[in-house]
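Working notes for the structure below.
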Amino acid sequence: MTAPGPRRPSMSSGLLEKLIAVVRPEFRVEVYLVDPDDPVLGRRRCAVAKCDRPVSGNGLCSGHGQRWRDRDRPAIAVFLADPGPVLNGRRDLSVCTVIGCRYGSSGVGLCTRHRKAWARAGQPDPGIWSAQAGLLGPPDPRQCGLPFCTVWTENTRTLYCKSHTTRWVQLGRPDGAEYLAHCQQRGTARIDFRGLAPQLKLEFQYAVQSRHDQATITAAPPIIAWAIRIAKDAAVTSLLDLSAQQWRDLAGTKEGTYQRFLIFAHDTVETLRDGTGWDVEYPRDIWRLHLLPGLTLSPGRTPHARTHLRFDRVAQPWLRTLAKRWARLRLSAGLSVGTAQKDLLGLTRFSTFLAECTPETHALSNIDRALLERYLAWLTTQSIGCGVKEDAVTAPEPSSRRSASTTGT
């Protein structure tokens, strides 16, 4: 079965204008710096004192976590008492061991100038040689242009020390303010929207804003970064260029919170474009019940819990039409969402029976008592689920897996 082709959002829908109107300034940025105390987007700070990097595991950031593992995983309290020097990116770089020289180290503890002089001297013991060597280079060397680095620049033409110049070149020679922000933010929790098409960027910013405002499910920056990377690889200009199922296919085995945020972003943007209410949901073959106000929720469900009714598994168009009318009537009369889901599960099994055993049934008038008796007998011969998973009918979350009931209509 071939997947449907990409769906381009209608220009008349005004989606771009709606996004511009609803995305708030604090989210409409190239890089969103996450507050560690944010209950939805935040990640706790590393337990090491004065470390501003987010926790990766065991209460430690990735850098301190690696040090802890390298020390054969001592008790956390023991490690925190002596976590070692400040991590790279938060401290001065190594400098030449010659007294008074602050050029960057370039091998055997010496800067480039002193290493050449040491080599010309026959490569004696570096420690003894450096203790006796004098300063080399211009009399008034410049300090690195980054405020936290006191290493000297290699010459008057460069703004940064040797190592920071290398990093600056690798980043494509950004302007000073952008490079400083990159260095200061390195290792901190952030969401990078750069590199996305203009509308796609606004869509992800709106999805992050919506998840933040709902404050019901966490969305750590690595999860959002993964979703952004998937969208970049798909080479789309809008999340609505692909269907929700196509995004699930692109996610592959990355289920759980990762896939859920990607589908949440798609559905949130689609809802902004199309609106909500029965006029929007009724024509769909998958009803998003969490977007219909006034329904009777099942126990334990919150207003933002994502709950669906999937009529696309009802194979017969005439039966699907009747199922929709019946479901809307029942829900509007105060029937709980959970009961409606079970009702649809029974109808979906009945649809499977009709397709397998009575393909000549084309209307409600073809169903009589004898056919229903055949259906009840057929149910007793089926394995659990009768070929239809419950999650395929109700789909409370794309990644959930629930065992199906054997109850019929």
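Please note that chains go A, B, ... in the order of the structure tokens, that every chain numbers its residues from 1, and that ligands are numbered from 1 in the order shown.
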
- Distance query segment 356-368 of chain A at most 8 Å, only C-alpha atoms, self and fewer than 6 positions along chain excluded, as a ChimeraX atom specification: /A:316,318-319

- Determine which residues of segment 126-351 of chain A DSSP labels as alpha helix (DSSP H) from the backbone of this structure, then write them out as a ChimeraX atom specification. /A:126-132,162-170,176-185,198-214,221-234,244-251,257-274,278-281,317-332,337-351

Could you pull out the residues in segment 252-388 of chain A that DSSP calls strand (DSSP E) from the backbone, as a PDB file with N, CA and C atoms, in the first residue's frame?
```
ATOM      1  N   ILE A 286     -10.797  10.310  11.704  1.00  0.00           N
ATOM      2  CA  ILE A 286     -10.233  10.140  13.044  1.00  0.00           C
ATOM      3  C   ILE A 286     -10.626  11.371  13.849  1.00  0.00           C
ATOM      4  N   TRP A 287     -11.516  11.194  14.789  1.00  0.00           N
ATOM      5  CA  TRP A 287     -11.967  12.317  15.605  1.00  0.00           C
ATOM      6  C   TRP A 287     -10.982  12.547  16.754  1.00  0.00           C
ATOM      7  N   ARG A 288     -10.591  13.795  16.943  1.00  0.00           N
ATOM      8  CA  ARG A 288      -9.727  14.179  18.055  1.00  0.00           C
ATOM      9  C   ARG A 288     -10.630  14.698  19.180  1.00  0.00           C
ATOM     10  N   HIS A 308      -8.771   9.736  20.814  1.00  0.00           N
ATOM     11  CA  HIS A 308      -9.287   9.713  19.442  1.00  0.00           C
ATOM     12  C   HIS A 308     -10.372   8.650  19.287  1.00  0.00           C
ATOM     13  N   LEU A 309     -11.216   8.855  18.290  1.00  0.00           N
ATOM     14  CA  LEU A 309     -12.107   7.811  17.784  1.00  0.00           C
ATOM     15  C   LEU A 309     -11.722   7.585  16.328  1.00  0.00           C
ATOM     16  N   ARG A 310     -11.355   6.341  15.981  1.00  0.00           N
ATOM     17  CA  ARG A 310     -10.853   6.050  14.642  1.00  0.00           C
ATOM     18  C   ARG A 310     -11.903   5.304  13.826  1.00  0.00           C
TER      19      ARG A 310
END
```

- Computed interatomic separation between atom CA of Arg28 of chain A and atom CA of Leu202 of chain A (Å):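 Atom-to-atom, atom CA of Arg28 of chain A to atom CA of Leu202 of chain A, that is 7.2 Å.
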
- Query: Near Lys18 of chain A, counting only C-alpha atoms, which residues have an atom at most 9 Å away, once you skip same-chain residues fewer than 4 positions from it, shown as a ChimeraX atom specification?
  - Reply: /A:14,22-23,272-273

- Min atom-atom distance to Phe27 of chain A from the set A:Lys342, A:Thr156, A:Lys201, A:Arg284, counting only C-alpha atoms, belongs to A:Lys201

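Considering the residues A:Ser130, A:Thr165, A:Thr188, A:Gln199 and counting only C-alpha atoms, Glu17 of chain A has its shortest atom-to-atom contact with A:Gln199.
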
- Nearest residue to Thr307 of chain A from the set A:Gly338, A:Leu347, A:Pro124, A:Gln184 (distances using only C-alpha atoms):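 Looking only at the distances to Thr307 of chain A, the closest residue turns out to be A:Gly338.
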
- Query: Pick from A:Ala21, A:Cys61, A:Leu146, A:Val314: nearest to Thr348 of chain A, with only C-alpha atoms counted?
  - Reply: A:Val314

- Item | Shell around segment 257-265 of chain A at 8 Å using only C-alpha atoms, local window under 4 positions removed, as a VMD selection string | chain A and resid 203 to 204 207 to 208 219 223 to 224 226 to 227 239 244 247 to 248 251 269 397 to 399

- Task: Would you list the contacts of segment 42-54 of chain A as an MDAnalysis selection string, taking every protein, DNA or RNA residue within 8 Å and counting only C-alpha atoms, but skipping same-chain residues closer than 3 positions in sequence?
- Result: chainID A and resid 34:39 59:61 64 80 83 86 187:189 220:221

- Message: I want to know what sits within 12 Å of segment 174-177 of chain A, based on only C-alpha atoms, with residues of the same chain fewer than 2 positions away left out; could you give that as a ChimeraX atom specification?
- Response: /A:145-147,159-160,164-165,167-172,179-184

- Message: Just to confirm, what's the straight-line distance from atom CA of Thr237 of chain A to atom CA of Leu19 of chain A in Å (one decimal)?
- Response: 13.9 Å
